[in-house]
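Peer 1: One structure, pasted below without further comment.
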There are 2 protein chains.
Amino acid sequence: MDKFNVIVIGAGPAGLKTAMRLKRLDFNQKILVIDKGTYPSFAACGMPFYLEGLVKDFDDLRKTSFGSLRDENYFKNYANIDLLLDYLVTEIDPESKTVVVLNNVSHDTFRFQYNKLVIATGSKAIVPPIEGLSIEDENLFTLKDPSDSIKVKSYLEKNKVNSACILGAGLIGCEVASSLFNSNIDVSIFEIFDWPLAALIDKEIGLYLKKQMFNNGMEIFTGEKVVKFVSKNKKTIKAISEKREVNADIFLICSGVRPDTEIAKKAGLEVSTKGAIITNEFLQTSNPDIYAVGDCIEIKNLLTNKTFYAPMATYANRLGRLVANNIMNNNTQTFDGSIGTAIVKVLDFNIAKTGLSEKEAKDLNIDFETVYYSGFDKPHYMSESNKINIKLIFDKKTDNLIGAQCIGKKANVDKTIDIAATIIQNKILNNKVLNLDLSYSPPFSNSVDILIQGFQIYENKKNNMYKGISFEEVKEILENDKNMENVVLLDVRSEDEFKKVPSPFKNVINIPIDYLYNSDLEYIKNKKIIIYCGTGSRSYQASVMLKSKGFREVYNLEAGVSGFY
Amino acid sequence: MDKFNVIVIGAGPAGLKTAMRLKRLDFNQKILVIDKGTYPSFAACGMPFYLEGLVKDFDDLRKTSFGSLRDENYFKNYANIDLLLDYLVTEIDPESKTVVVLNNVSHDTFRFQYNKLVIATGSKAIVPPIEGLSIEDENLFTLKDPSDSIKVKSYLEKNKVNSACILGAGLIGCEVASSLFNSNIDVSIFEIFDWPLAALIDKEIGLYLKKQMFNNGMEIFTGEKVVKFVSKNKKTIKAISEKREVNADIFLICSGVRPDTEIAKKAGLEVSTKGAIITNEFLQTSNPDIYAVGDCIEIKNLLTNKTFYAPMATYANRLGRLVANNIMNNNTQTFDGSIGTAIVKVLDFNIAKTGLSEKEAKDLNIDFETVYYSGFDKPHYMSESNKINIKLIFDKKTDNLIGAQCIGKKANVDKTIDIAATIIQNKILNNKVLNLDLSYSPPFSNSVDILIQGFQIYENKKNNMYKGISFEEVKEILENDKNMENVVLLDVRSEDEFKKVPSPFKNVINIPIDYLYNSDLEYIKNKKIIIYCGTGSRSYQASVMLKSKGFREVYNLEAGVSGFY
């Protein structure tokens, strides 16, 4: 029986990263990687872009940056790694430290011995138990494995597909919707929650995104559950929710993934209630000679101090390296955990999140304050300047930033969210953030970076320089005071802007801020004044003015008109 | 005599930011801002883009993001600030707390009293003392004040300008060179130092930039001093260096700026040897009732612990806010200092720097290690993927990152440098950086962020997993061993790449990495082996292979061929 220093089950990014790193640490080790599939080290995150045609060739997702196809020969020649593809591990015997392997084609079985074992079996697409959902239908797909993207692409090429129906507006659902829409396919999306990406972002940003998807021509049905699929001649023809029926030429089930851990469970390794393998901080499973890495494990959330399931390529890669280091160096490196950073492009909109959402902060009973604001990622006089809406969440006790979310058309939200992630993860104090020496030149950023502006706004809010109010709160006030007896809505934008971008409210007074200071407003002095402008900046200035004149109940609509258009 | 709570001298970004913030903190204060020029709150950083025509209208650089022109009326109506333009402050009397002001047109003088005074007089262009340099010539300009950009633009519009000669390849010199070049004007640049942006970046990045500028068609003469200008009929016609004469239709002096502090010196305030006003951490001058802010002061460099002159808009803006806070709240906010972050766009190349350069680290006697590497800012299969070359500098004693520089065509270096700045300024430990939860999705970044890759490389280097060597070091070895008796250059790129992108060296052996492990290399086993590839990644793998075969002297050319092409 062949004996290996390390056997890795799974040739995805996590497994192969582990194997490659092991060889770099000691090239003379014997390493075996076993995978039940055909395409090792496949860049699964590129699938939506392959469907859209932005990635021309399926093999581009299999190649290195220098153009080598990562097949068995590549791993053999480049790193002297033995790679068995289309082989299924049917059993792990921790006692004898062996694995039993079945050849998918010949059905022969083999047995190999390991010194250390790494489980990197990844995840499987979730197929929700909905009446009539037939995963065998030729036009209904999940999008998880390399072969899925081949099947979908091939179906799109061979059939006239004018419409697609997508189940789930999570990360993958939104990306696929965007890809298909950009390929001139009509797209309808069903989402159980009230806005897209609901597991990531809060209502303000979520409803803003929903509006943009709708305005661009997508059908998106939120808060709606598909209760039935109708299938005919091996084709799904219809999805039915409580409210409507949607016919489509193609159906995509984007209901998330779950850990693929049958083999681990069978070997008696501990798994979570969600079925993910439980590891310690060195990524050892309940058996110290067996490590686990990638989409089959749960990781710690640094902010909640609980483990959670976060099947993301960025963890897979970095943790593969860490597992190899720990195998070679006797468990010296630990994984701190995740803070839930994520980013996605939907149409031309970039959306990102890091840290806690408002909902997560509430669940943790944190006493928090939010700021929601709108601005430009570069000076307004530059043509590449893009609007960006940002929500920041601060812990009121420590003043620390604990969460950030942003959205903007073509805006470089990745920079904003990555600086925010660095701040959150390292608990950098606000006075240090206000002093951060970030780069500035007009093609790149503002003289005061858009993220730092948010910290300035928080400081103003904390010092009671203004009272913020959200669109939802305004709506509630107006509902309770239908005749507007005690409330005034004051739009301080210019007359031009007021005409061009209509107010989201009725019965509004428009006094451009230039005229405000000298206007006679005594007649509304005792009312609740809600001021708004384009982004929240002029309304802030206006609220300062009115307070200097003795007005007491003055509120500034956060992010202004930009917050919801 | 009119008395004001605060008088601000200078209506640039720093002065007006101070004034606006003061009014927000207490709208009822009387604030006077005095400026000798005509254009308050002008976005000077936008001037190169105005010259290029990217900013269409001069007034765009004077407007707010919501389209209001920031003139006297604007500041009066928007913030009830009194703004005197074209008035020169001729005297500050700290005893009586008064300023004497001269009307530039009528030559009348006035006297105003202040409670607190803020000096924000900014900077002046340096005109170096070169024989024949005549600043009065109609085709020779500096580029500092709003009026300068009007003059240059008007000259470009009214005259046939085919060629420009620029003195100085610092930030402004490079930006202007780029603007004019993009406007189809032949550009020649003289720079005293050996590469452009020499005050910011080290040799590797600097020579790389120089090569790109040259390859794109700019003439750039580094290490060359202009010793004479020749002028005829009020026009400069020629710049003469030790090596050559350059004729041009237009000449731009971009030799930097110096603080404009005559009035401060006259008032007896302390200034540095460079003439910049010295302030404490609250930005008070040697007279506690007088603050100073913006390009007329020196600021602290957090990393050297010395003050230095850094006339940048980003400090001006943030410090204006801080001065106002300190005036109103009795000096409660401090400015930590700068870490020397800067960014610039030259042609399509983005170049940025933060922290210490190698030269600065040497001057501070820091025991440091560098890594220089090349990669892509996004996955190679995405069409928007751009090459980026990065140099990181680590303090060997603490392992902390202390400096970062990068360059890349269209690459988002601003993100990389801003994360690096956040890490450096907050002394985030390497194991925390390796765990940073940054955002990943193919349109934005790599699954392991390009900056984090550098920290992984540093860890490898520190653990002696490879020995790095620089292009300059290789050159030196080859010069000392002209017949290559003890050294072998091993190119492990594919045959295709080897043909397409020629090796920068002669007498090279090309063995694509796929064939390396099984090649018989015993005959060179006792030589010094210098391995290189496209970016440094395959050569690293190759060096691991050779070491496993008992090779001892194996070096990996950092950043590979990408490092110098």
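So you can find residues: chains in the structure tokens are A, B, ... in the order shown, residues in each start at 1, and ligands are numbered from 1 in order.
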Sorted by chain and rising residue number, which residues of chain A lie within 7 Å of chain B, and what are their closest atom pairs and distances in Å to one decimal, counting only C-alpha atoms, as CSV?
Peer 2:
```
residue,atom,partner,partner_atom,distance
A:Arg24,CA,B:Val544,CA,6.2
A:Phe27,CA,B:Ser548,CA,5.9
A:Asn28,CA,B:Ser548,CA,6.6
A:Cys45,CA,B:Pro442,CA,6.7
A:Gly46,CA,B:Pro442,CA,6.5
A:Val55,CA,B:Tyr381,CA,6.2
A:Asp60,CA,B:Tyr381,CA,6.0
A:Leu61,CA,B:Tyr381,CA,6.7
A:Ser65,CA,B:His380,CA,5.4
A:Asn77,CA,B:Asp514,CA,4.9
A:Tyr78,CA,B:Asp514,CA,5.4
A:Ala313,CA,B:Ser447,CA,6.0
A:Thr314,CA,B:Ser447,CA,4.5
A:Asn317,CA,B:Val448,CA,6.8
A:Arg318,CA,B:Val448,CA,6.9
A:Phe335,CA,B:Asn435,CA,6.7
A:Asp336,CA,B:Asn435,CA,6.4
A:Ser338,CA,B:Asp437,CA,5.9
A:Ile339,CA,B:Asp437,CA,6.3
A:Thr341,CA,B:Ser439,CA,5.5
A:Ala342,CA,B:Ser439,CA,5.2
A:Ile343,CA,B:Ser439,CA,5.7
A:Val344,CA,B:Ser441,CA,6.3
A:His380,CA,B:Ser65,CA,5.4
A:Tyr381,CA,B:Asp60,CA,6.0
A:Met382,CA,B:Val55,CA,6.5
A:Asp414,CA,B:Phe444,CA,6.6
A:Lys415,CA,B:Lys415,CA,4.9
A:Asp418,CA,B:Leu438,CA,5.3
A:Ile419,CA,B:Ile419,CA,5.7
A:Ala421,CA,B:Leu438,CA,6.4
A:Thr422,CA,B:Leu436,CA,6.6
A:Asn435,CA,B:Asp336,CA,6.4
A:Leu436,CA,B:Thr422,CA,6.6
A:Asp437,CA,B:Ser338,CA,6.0
A:Leu438,CA,B:Asp418,CA,5.3
A:Ser439,CA,B:Ala342,CA,5.2
A:Tyr440,CA,B:Ile343,CA,6.2
A:Ser441,CA,B:Ile343,CA,6.1
A:Pro442,CA,B:Gly46,CA,6.5
A:Phe444,CA,B:Asp414,CA,6.6
A:Ser447,CA,B:Thr314,CA,4.5
A:Val448,CA,B:Thr314,CA,5.9
A:Ile513,CA,B:Tyr78,CA,6.5
A:Asp514,CA,B:Asn77,CA,5.0
A:Tyr515,CA,B:Asn77,CA,6.8
A:Tyr517,CA,B:Asn77,CA,6.9
A:Val544,CA,B:Arg24,CA,6.1
A:Met545,CA,B:Phe27,CA,6.5
A:Ser548,CA,B:Phe27,CA,5.9
```
Peer 1: Would you mind writing down, as a VMD selection string, each residue of region 275-400 of chain A that DSSP on the backbone assigns to strand (DSSP E)?
Peer 2: chain A and resid 290 to 292 299 to 301 306 to 308 342 to 346 349 to 355 368 to 376 387 to 395
Peer 1: Would you kindly return, as a list in words, each protein, DNA or RNA residue with an atom no farther than 8 Å from any atom of region 271-274 of chain B, considering only C-alpha atoms and excluding same-chain residues fewer than 4 positions away?
Peer 2: Arg258, Pro259, Lys265, Ile278 and Glu298 of chain B
Peer 1: Looking at only C-alpha atoms, which of A:Lys116, A:Lys467, A:Lys378, A:Lys144 is the one that sits closest to Val323 (chain A)?
Peer 2: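 Under the stated criterion, the closest residue is A:Lys116.
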Peer 1: Rounded to one decimal, what separation in Å do you get between CA of Asn305 (chain B) and CA of Glu369 (chain B)?
Peer 2: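 Atom-to-atom, CA of Asn305 (chain B) and CA of Glu369 (chain B) are spaced 21.0 Å apart.
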